[in-house]
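S.K.: The structure is given below, and queries will be raised subsequently.
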There are 2 protein chains.
Amino acid sequence: MRDHLSRYKLRKSTFESDRSINQVGSAKTDNILEKTLSKQGLTTVLRTHTCGELRLDHVGQSVTLAGWVIRGRDHGGLAFIDLRDRYGITQIVFNPDRDAAMHELARSLRAEDVIQVTGEVVLRDDRENPKLATGKIEVRGHELKVLNKSKTPPFEPGTTELPNEELRLTYRFLDLRSDRLQEALQLRHRLTKLTRDYFDEHQFLEIETPILGRSTPEGARDYLVPSRVHEGSFYALPQSPQIYKQILMISGYDRYFQIARCFRDEDLRADRQPEFTQIDLEMAFVDQEDILSLIDGLISKLVKDLRNEETERPLPRYDYQDVMEKYGSDKPDLRFGMELVDVAEIAQTCDFAVFKKTMEAGGRVRGLNAKGAADRYSRKDIDCLTEFAGEYGAKGLAFFKVTDEGLHSPIAKFFSETDKQKIMETMQAEVGDLLFFVADQCAVTSAALAALRNRLGKELELYDPNDIKCCWVTNFPLFSYNEDEKRWEAEHHPFCQPVEADLEYLKSDPAKVRAQSYDLVMNGYELASGSVRVHDQSVQQVIFDLLDISAEEAEERFGFLLQALRYGAPPHAGAALGLDRLVMILCGNDNIRDVVAFPKTQKAADLLSGAPSEVDPHQLRDLRIKVDIPQ
Amino acid sequence: MRDHLSRYKLRKSTFESDRSINQVGSAKTDNILEKTLSKQGLTTVLRTHTCGELRLDHVGQSVTLAGWVIRGRDHGGLAFIDLRDRYGITQIVFNPDRDAAMHELARSLRAEDVIQVTGEVVLRDDRENPKLATGKIEVRGHELKVLNKSKTPPFEPGTTELPNEELRLTYRFLDLRSDRLQEALQLRHRLTKLTRDYFDEHQFLEIETPILGRSTPEGARDYLVPSRVHEGSFYALPQSPQIYKQILMISGYDRYFQIARCFRDEDLRADRQPEFTQIDLEMAFVDQEDILSLIDGLISKLVKDLRNEETERPLPRYDYQDVMEKYGSDKPDLRFGMELVDVAEIAQTCDFAVFKKTMEAGGRVRGLNAKGAADRYSRKDIDCLTEFAGEYGAKGLAFFKVTDEGLHSPIAKFFSETDKQKIMETMQAEVGDLLFFVADQCAVTSAALAALRNRLGKELELYDPNDIKCCWVTNFPLFSYNEDEKRWEAEHHPFCQPVEADLEYLKSDPAKVRAQSYDLVMNGYELASGSVRVHDQSVQQVIFDLLDISAEEAEERFGFLLQALRYGAPPHAGAALGLDRLVMILCGNDNIRDVVAFPKTQKAADLLSGAPSEVDPHQLRDLRIKVDIPQ
């Protein structure tokens, strides 16, 4: 049997539907493929059945299968072949007494050869294989045709020990044969299909927007495409269909969605790709609540159909300020608690200079309680955590271990018994707990403690990694102040509608203005983001003024949207969900490259095709451009 | 009422489902929107109903509508407003006796203002409007809120007399409000949804392939994208996912499809866009027949669901040689007959030197019979047709009018009575017919007569323009000889599998080798194209040799596919259908820009966004490129 079966077992709990490939047709398997298999036959000119569908019912029938040889073995003078296709694995057996030449040919087969076999379905002579959906039968080969030979592959597709990713990306066509990737792409197909069904049921129209668009220097760096017809001009690949979808609302389309490819020429992180896919939507004549409940329904449907689990409806909604206070992050992982706690009062009164001075300087002291973790972290482990917190800006990490004899810490001496008592109370501490504190500017305490919380949650296994927990975070600030450039910036984009009650602060106190914007957070990932858009030109003008965008600049950057807004723009709102990330989370995976058929490396290269590559000089001449690399 | 209603009437016969926008909910209308409207409510925070759904049943209810003002009018002291949204039009009436200020506000409204109205549904005071699905009722306005004012639009969306296309493309957001475009985009959504449902039912997985790919200088010109990370290197936007989908077959995905964006940097024709969408598919372990019958099923489903018409199953299949002989074209319009006829025998014996010499030079003389057209074309008209045929290479156009007194023609004197008798018989001519002949090399007779046939078919109204007629054309030649460059070229692409019986001619007589390739032709358009692919490396090598592609060049151009073919490639085949064109035909439209939300002009410019545009110099510096326009 293929090694992947053991891996499959490991991952089974992650995602029940993973069983699809191996257990097609097994009566007790309620999985994705099962649902589709019944729909339409898969018979073609080259096969009567797939390698996943033969059962006891088929015994006695003559069948033709086609697929890939996993491996062969000799046993009792017979030649056995495990034959694989997308739907499963079937054992074929060749008897030299029936046809010596065919038996010999079967023995000569090697892994990944492609064959076609005609034979009779029989009960297994040897023991049943309960791991295989087809494990009760085998096929006695009467005809064997080698459709194509394979060179010896550099690694076995679906092997448990994954070879290094570079090799797998170079030979992507082999890695794509693994259950790991076949299951992910199958889930991805299912998820996009369900999503489209959902929006269609809700009367959304899927409308394609251009890939060859206009560069609008907002947000990330654009990918550019030189125009041949318009010399010296460039198209830009869209970072999102934002402006187009707003225009569709102005054009009266009312409910738009698109599963849209987007592009960002950024330095890549592990969960980013230069091109990615988003579920993009926009509605007219709605407010924030309409959007949130629509997406609640989508998430509920996806989780139900793909994992057979229920989600809360409505999904919990939290205020930005509240989650920043409780979790230090606007994308909290809610699969566990461990909330941040403010200890300002103690910090002000204790004798620990770091705490006191931080408070005097207008900073904050906040902590968290790693319940029962006192024994799990040695002094050396805590040094590691201190270094880790440092990566998020914390200049130090104070800690207390709660023992039978009270609070233990190198800094314990700076705290009176009353202080310690207050710490115990404020932190809801019990014997065995480990308390951490960061003293710094508010933003640093948030960043460091949020990262620490995520790390501790994982290390202490405070949650089931297969759990899915979502929430909405709303009321983001509309603006943030860029200290370096001494100017206000749009937190999201300059088309977010302010919260009505905050309109009065637009000019007087921009920091106070909240946006009608919302993020959907899933397991600590930002999964979706959206806002109510400005449809009133006077509000838009105030925002541009504040962002120091001149009329000329606004016209240059967003001209066609601004123009459209003048001709009867309805109130509208929308959102975009990261499809790759959603598939990744629902697969229980943490590598975005495992849910994309042909991904790029962190250096934005496709190792399979060799893209990007040098091109023929005449191509550049046609485009009126020249490569210009400074020495 | 909006002028478009009259246009709508004109187009009704073109496409029954066009009625959707105006006749939502009318009991006798079996249209697309009707089907969706019942699915889910469209109530949002800003409206209780849409402008398309109120009926007699709603009389007495208080409702809130939101939409665009079409126009207002005063009548009997009341103010009437026609309010429009995506779903229809509702008449609102404001009574000054109820609220003088509101009545005044209503009178001040102008076309394309966006308003929200709350009021009571009542029976119409004035006459019913049978053209409107909501024509039996009106809404008495009790509350009126202006959500947004509109500047005076440069043209009225949906006006019968379309303003020039440049203006409409610049103000695309207004033109998109027209029924013409709303109906087209709605049909497009429906068609893609039905297509995805169909492939999903047949167990296809939709798999996204990269947009940032590798330049493979095959076929048309690539759009290039400079890489910032890999200085001096470029991505290319895909002309089709051809290589990726073959790799998916090699990876065992078995049944792949994708509604895929493709790009070609070509000089544009009327029915082309620089970016276009294709329904792309590939299957493993199949032969040509599997693909053809799959697509037959798709076309049948689409035509049935979108037009409530039946198509033949299987669709008729013609040999390339046969259609070239009968229609002079590999994309014949089968909505009418008027087949080409060979008159070699007569040409050889007659005294008309042009005919005789052509035959002696190895050319052909072919003709067609425009039945009953003798009186429709004056001598001057025929001169026009001669000029037209000249555009396709014909040096002349001989003609005969069939009268009571025999064949009339300036060249009649060169033909004996026996010749004339033979012409009558061969051409199946009757009194009143008009016969045309072209004498030239075979290819010229084909091109000129095919074009003439299409023109005559249209001018003589030989078919119902709303008819849909499809056929398959198969057995294309695998190679064509490029006389200029003195070398063989692949007719389709170099991965087409030759017809088995022709394998023996691969080296000895390439012109004789037919490909296992097929085109789907609809109403004279090439709608789909595909082939069985080469999966055998030795056949591939012979083809490369013939095309004079060296091992090195093959590796450079197709390396990653060739590599993959060595590791167990199954027999596979596929096709791609032009989605934009399909929507265009099913809409009864002949402008591809009317079925794309944000199209580009023939100069590949987006007049709405202003793409392509100049970009900031620092963007080019980041990409290590320079604009280089020769003086």
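Identifiers in this document derive from the order of the structure tokens: chains are assigned A, B, ..., residues are numbered from 1 separately in each chain, and ligands are numbered from 1 in order of occurrence.
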Would you pick out the contacts of region 129-144 of chain A at 6 Å or less, using only C-alpha atoms, so that residues sharing its chain but fewer than 3 positions from it are not included, and give the list as a ChimeraX atom specification?
M.R.: /A:23,26,54-55,91-94,116-124
S.K.: Those selected residues, please, written with all heavy atoms and delivered as a compact mmCIF listing (two decimals), in the first residue's frame.
M.R.:
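Here's the written file again_7.txt:
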```
# COMPACT_ATOMS: atom_id res chain seq x y z
N GLN A 23 -11.58 6.23 0.24
CA GLN A 23 -12.72 5.47 0.71
C GLN A 23 -13.97 5.72 -0.11
O GLN A 23 -15.07 5.59 0.36
CB GLN A 23 -12.98 5.80 2.17
CG GLN A 23 -11.77 5.44 3.03
CD GLN A 23 -12.17 5.20 4.45
OE1 GLN A 23 -13.31 5.38 4.83
NE2 GLN A 23 -11.20 4.76 5.26
N SER A 26 -17.42 3.71 0.18
CA SER A 26 -17.64 2.95 1.40
C SER A 26 -18.91 3.46 2.04
O SER A 26 -19.15 4.67 2.13
CB SER A 26 -16.44 3.10 2.32
OG SER A 26 -16.85 3.53 3.59
N LEU A 54 -14.96 -0.23 -7.51
CA LEU A 54 -15.37 -1.65 -7.54
C LEU A 54 -15.63 -2.17 -6.13
O LEU A 54 -14.86 -1.94 -5.20
CB LEU A 54 -14.31 -2.48 -8.27
CG LEU A 54 -14.11 -2.10 -9.74
CD1 LEU A 54 -13.00 -2.94 -10.37
CD2 LEU A 54 -15.42 -2.25 -10.52
N ARG A 55 -16.73 -2.90 -5.98
CA ARG A 55 -17.18 -3.45 -4.70
C ARG A 55 -17.60 -4.90 -4.89
O ARG A 55 -17.55 -5.43 -6.00
CB ARG A 55 -18.38 -2.64 -4.18
CG ARG A 55 -18.11 -1.16 -3.92
CD ARG A 55 -17.23 -0.96 -2.69
NE ARG A 55 -17.05 0.46 -2.44
CZ ARG A 55 -16.18 1.25 -3.07
NH1 ARG A 55 -15.40 0.75 -4.01
NH2 ARG A 55 -16.07 2.51 -2.76
N GLN A 91 -6.49 -3.38 -6.55
CA GLN A 91 -5.44 -4.39 -6.70
C GLN A 91 -5.72 -5.24 -7.93
O GLN A 91 -6.83 -5.74 -8.12
CB GLN A 91 -5.38 -5.26 -5.44
CG GLN A 91 -4.34 -6.36 -5.52
CD GLN A 91 -4.14 -7.02 -4.16
OE1 GLN A 91 -3.59 -6.43 -3.24
NE2 GLN A 91 -4.60 -8.25 -4.04
N ILE A 92 -4.68 -5.40 -8.75
CA ILE A 92 -4.78 -6.24 -9.95
C ILE A 92 -3.85 -7.43 -9.75
O ILE A 92 -2.75 -7.26 -9.20
CB ILE A 92 -4.32 -5.47 -11.22
CG1 ILE A 92 -4.78 -4.02 -11.20
CG2 ILE A 92 -4.74 -6.20 -12.48
CD1 ILE A 92 -6.22 -3.78 -11.51
N VAL A 93 -4.28 -8.57 -10.21
CA VAL A 93 -3.42 -9.74 -10.07
C VAL A 93 -3.26 -10.45 -11.43
O VAL A 93 -4.24 -10.58 -12.18
CB VAL A 93 -3.95 -10.71 -8.97
CG1 VAL A 93 -5.38 -11.12 -9.25
CG2 VAL A 93 -3.04 -11.92 -8.81
N PHE A 94 -2.01 -10.85 -11.72
CA PHE A 94 -1.71 -11.52 -12.99
C PHE A 94 -1.19 -12.91 -12.70
O PHE A 94 -0.25 -13.08 -11.90
CB PHE A 94 -0.69 -10.72 -13.80
CG PHE A 94 -1.21 -9.39 -14.25
CD1 PHE A 94 -1.01 -8.25 -13.48
CD2 PHE A 94 -1.91 -9.28 -15.44
CE1 PHE A 94 -1.49 -7.03 -13.89
CE2 PHE A 94 -2.40 -8.04 -15.87
CZ PHE A 94 -2.19 -6.92 -15.09
N GLN A 116 -3.46 0.17 -18.83
CA GLN A 116 -4.88 -0.13 -18.98
C GLN A 116 -5.03 -1.64 -18.80
O GLN A 116 -4.28 -2.40 -19.42
CB GLN A 116 -5.34 0.29 -20.38
CG GLN A 116 -6.82 0.08 -20.63
CD GLN A 116 -7.17 0.30 -22.10
OE1 GLN A 116 -6.39 -0.06 -22.98
NE2 GLN A 116 -8.32 0.89 -22.36
N VAL A 117 -5.95 -2.04 -17.95
CA VAL A 117 -6.11 -3.46 -17.64
C VAL A 117 -7.56 -3.85 -17.83
O VAL A 117 -8.46 -3.17 -17.35
CB VAL A 117 -5.74 -3.75 -16.16
CG1 VAL A 117 -5.96 -5.22 -15.83
CG2 VAL A 117 -4.32 -3.34 -15.87
N THR A 118 -7.78 -4.94 -18.52
CA THR A 118 -9.12 -5.53 -18.58
C THR A 118 -9.07 -6.86 -17.85
O THR A 118 -8.10 -7.61 -17.96
CB THR A 118 -9.57 -5.73 -20.04
OG1 THR A 118 -9.59 -4.45 -20.67
CG2 THR A 118 -10.95 -6.35 -20.12
N GLY A 119 -10.08 -7.11 -17.06
CA GLY A 119 -10.07 -8.35 -16.30
C GLY A 119 -11.38 -8.57 -15.59
O GLY A 119 -12.35 -7.82 -15.76
N GLU A 120 -11.39 -9.59 -14.73
CA GLU A 120 -12.61 -9.96 -14.04
C GLU A 120 -12.50 -9.58 -12.57
O GLU A 120 -11.46 -9.79 -11.93
CB GLU A 120 -12.84 -11.47 -14.17
CG GLU A 120 -14.17 -11.91 -13.61
CD GLU A 120 -14.27 -13.43 -13.50
OE1 GLU A 120 -13.43 -14.13 -14.10
OE2 GLU A 120 -15.17 -13.91 -12.78
N VAL A 121 -13.58 -9.01 -12.05
CA VAL A 121 -13.60 -8.66 -10.63
C VAL A 121 -13.85 -9.94 -9.83
O VAL A 121 -14.82 -10.66 -10.11
CB VAL A 121 -14.71 -7.63 -10.32
CG1 VAL A 121 -14.66 -7.22 -8.86
CG2 VAL A 121 -14.58 -6.41 -11.24
N VAL A 122 -12.96 -10.20 -8.88
CA VAL A 122 -13.13 -11.41 -8.06
C VAL A 122 -12.96 -11.05 -6.59
O VAL A 122 -12.40 -10.00 -6.26
CB VAL A 122 -12.09 -12.50 -8.44
CG1 VAL A 122 -12.28 -12.97 -9.87
CG2 VAL A 122 -10.67 -12.00 -8.22
N LEU A 123 -13.46 -11.92 -5.73
CA LEU A 123 -13.19 -11.77 -4.30
C LEU A 123 -11.70 -11.91 -4.08
O LEU A 123 -11.03 -12.69 -4.78
CB LEU A 123 -13.89 -12.90 -3.54
CG LEU A 123 -15.28 -12.61 -3.04
CD1 LEU A 123 -15.90 -13.88 -2.47
CD2 LEU A 123 -15.23 -11.52 -1.97
N ARG A 124 -11.17 -11.18 -3.12
CA ARG A 124 -9.73 -11.28 -2.89
C ARG A 124 -9.34 -12.68 -2.46
O ARG A 124 -10.00 -13.26 -1.59
CB ARG A 124 -9.31 -10.31 -1.78
CG ARG A 124 -9.26 -8.89 -2.27
CD ARG A 124 -8.05 -8.18 -1.70
NE ARG A 124 -8.06 -6.81 -2.20
CZ ARG A 124 -7.10 -5.95 -1.95
NH1 ARG A 124 -6.07 -6.29 -1.20
NH2 ARG A 124 -7.16 -4.72 -2.43
```
S.K.: Within 6 Å of chain B, which residues belong to chain A? Use only C-alpha atoms and report them as number ranges by chain.
M.R.: A: 39-40, 44-46, 86, 112-114, 148-151, 173, 176-177, 189, 201-202, 205-206, 213-214, 224-225, 232-235, 251-252, 285-286, 560, 566-568, 609, 611-614, 624-629
S.K.: Pull C-alpha atoms from the residues just selected and write them as a PDB file, in the first residue's frame.
M.R.:
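After the write, selection-v7.pdb holds the following:
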```pdb
ATOM      1  CA  LYS A  39     -24.037  12.016 -10.046  1.00  0.00           C
ATOM      2  CA  GLN A  40     -22.499  10.937 -13.301  1.00  0.00           C
ATOM      3  CA  THR A  44     -14.753   6.690 -21.003  1.00  0.00           C
ATOM      4  CA  VAL A  45     -13.422   5.042 -24.109  1.00  0.00           C
ATOM      5  CA  LEU A  46     -10.407   3.819 -22.126  1.00  0.00           C
ATOM      6  CA  ARG A  86      -8.006  10.107  -8.767  1.00  0.00           C
ATOM      7  CA  GLU A 112       4.146   5.689 -12.129  1.00  0.00           C
ATOM      8  CA  ASP A 113       3.854   3.686 -15.355  1.00  0.00           C
ATOM      9  CA  VAL A 114       0.426   4.232 -16.906  1.00  0.00           C
ATOM     10  CA  ASN A 148       3.008   5.071 -21.120  1.00  0.00           C
ATOM     11  CA  LYS A 149       6.218   4.317 -19.253  1.00  0.00           C
ATOM     12  CA  SER A 150       7.602   6.590 -16.560  1.00  0.00           C
ATOM     13  CA  LYS A 151      11.167   7.474 -15.816  1.00  0.00           C
ATOM     14  CA  PHE A 173       3.452  17.330 -11.496  1.00  0.00           C
ATOM     15  CA  LEU A 176       0.262  16.946  -7.394  1.00  0.00           C
ATOM     16  CA  ARG A 177      -0.341  13.196  -7.508  1.00  0.00           C
ATOM     17  CA  HIS A 189     -13.177  23.140  -5.982  1.00  0.00           C
ATOM     18  CA  GLU A 201     -29.162  31.813  -4.530  1.00  0.00           C
ATOM     19  CA  HIS A 202     -28.927  35.297  -3.074  1.00  0.00           C
ATOM     20  CA  LEU A 205     -24.372  38.283 -10.362  1.00  0.00           C
ATOM     21  CA  GLU A 206     -20.817  37.137 -10.900  1.00  0.00           C
ATOM     22  CA  GLY A 213      -6.276  47.707 -15.288  1.00  0.00           C
ATOM     23  CA  ARG A 214      -4.922  51.057 -14.363  1.00  0.00           C
ATOM     24  CA  LEU A 224       2.881  46.456 -14.384  1.00  0.00           C
ATOM     25  CA  VAL A 225       2.291  45.364 -17.971  1.00  0.00           C
ATOM     26  CA  GLY A 232       5.439  54.259 -22.728  1.00  0.00           C
ATOM     27  CA  SER A 233       2.154  53.402 -21.017  1.00  0.00           C
ATOM     28  CA  PHE A 234       1.430  50.526 -18.681  1.00  0.00           C
ATOM     29  CA  TYR A 235      -1.451  48.477 -17.449  1.00  0.00           C
ATOM     30  CA  SER A 251     -24.404  51.132 -12.408  1.00  0.00           C
ATOM     31  CA  GLY A 252     -27.261  49.478 -10.583  1.00  0.00           C
ATOM     32  CA  PHE A 285     -28.900  49.823  -0.645  1.00  0.00           C
ATOM     33  CA  VAL A 286     -27.458  48.029   2.361  1.00  0.00           C
ATOM     34  CA  PHE A 560     -12.995  57.404 -12.769  1.00  0.00           C
ATOM     35  CA  ARG A 566     -21.298  62.216  -9.226  1.00  0.00           C
ATOM     36  CA  TYR A 567     -23.945  60.477 -11.322  1.00  0.00           C
ATOM     37  CA  GLY A 568     -26.226  58.848  -8.794  1.00  0.00           C
ATOM     38  CA  SER A 609       7.775  26.456 -15.461  1.00  0.00           C
ATOM     39  CA  ALA A 611       8.862  31.775 -14.579  1.00  0.00           C
ATOM     40  CA  PRO A 612       9.880  34.534 -14.540  1.00  0.00           C
ATOM     41  CA  SER A 613      12.437  34.109 -17.309  1.00  0.00           C
ATOM     42  CA  GLU A 614      14.451  36.118 -19.741  1.00  0.00           C
ATOM     43  CA  ARG A 624       9.416  49.895 -26.229  1.00  0.00           C
ATOM     44  CA  ILE A 625      11.134  48.978 -23.000  1.00  0.00           C
ATOM     45  CA  LYS A 626      14.666  48.132 -22.008  1.00  0.00           C
ATOM     46  CA  VAL A 627      16.070  46.284 -19.052  1.00  0.00           C
ATOM     47  CA  ASP A 628      18.029  48.776 -16.987  1.00  0.00           C
ATOM     48  CA  ILE A 629      19.939  47.197 -14.126  1.00  0.00           C
TER      49      ILE A 629
END
```
S.K.: So which bits of region 171-392 of chain A end up strand (DSSP E) when you DSSP the backbone, as an NGL selection string?
M.R.: :A and (205-206 or 224-226 or 234-236 or 255-263 or 275-284 or 317-319 or 341-342 or 364-370)
S.K.: Need to verify the contact set: Ile423 (chain A), 10 Å, only C-alpha atoms, exclusion of same-chain residues closer than 3 positions in sequence. Can you return it as a PyMOL selection string?
M.R.: chain A and resi 343+345-347+367+400+407+415+417-420+426-429+435
S.K.: For CA of Ile549 (chain B) and CA of Lys507 (chain B), determine how far apart the two atoms are, in Å to one decimal place.
M.R.: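 One can read the CA of Ile549 (chain B) to CA of Lys507 (chain B) distance as 14.7 Å.
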S.K.: Could you name the residues that touch region 300-305 of chain A at 8 Å or less, counting only C-alpha atoms, but leaving out those on the same chain fewer than 4 positions away, as a VMD selection string?
M.R.: chain A and resid 191 194 to 195 296 309 to 313 586
S.K.: From the list A:Gly88, A:Gly77, A:Met102, A:Ser416, which residue is nearest Cys350 (chain A) when using only C-alpha atoms?
M.R.: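 Using only C-alpha atoms, Cys350 (chain A) sits closest to A:Ser416.
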S.K.: What is the distance, in Å and to one decimal place, between CA of Asp57 (chain B) and CA of Leu78 (chain B)?
M.R.: 24.4 Å
S.K.: Find the distance between CA of Asp545 (chain B) and CA of Ser240 (chain B) and write it in Å to one decimal.
M.R.: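 A separation of 24.4 Å between them.
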S.K.: Name the closest residue to Ala490 (chain B) among the candidates B:Ala439, B:Leu298, B:Leu340, B:Leu547; distances are taken between atoms, counting only C-alpha atoms.
M.R.: B:Leu547
S.K.: May I have all residues of region 390-484 of chain A that DSSP, computed from the backbone, assigns to alpha helix (DSSP H), given as a PyMOL selection string?
M.R.: chain A and resi 390-391+417-426+442-459
S.K.: Of the residues B:Thr349, B:Gln278, B:Ser538, B:Asn454, which is the one nearest to Gly337 (chain B), using only C-alpha atoms?
M.R.: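 Residue with the minimum atom-to-atom distance to Gly337 (chain B): B:Asn454.
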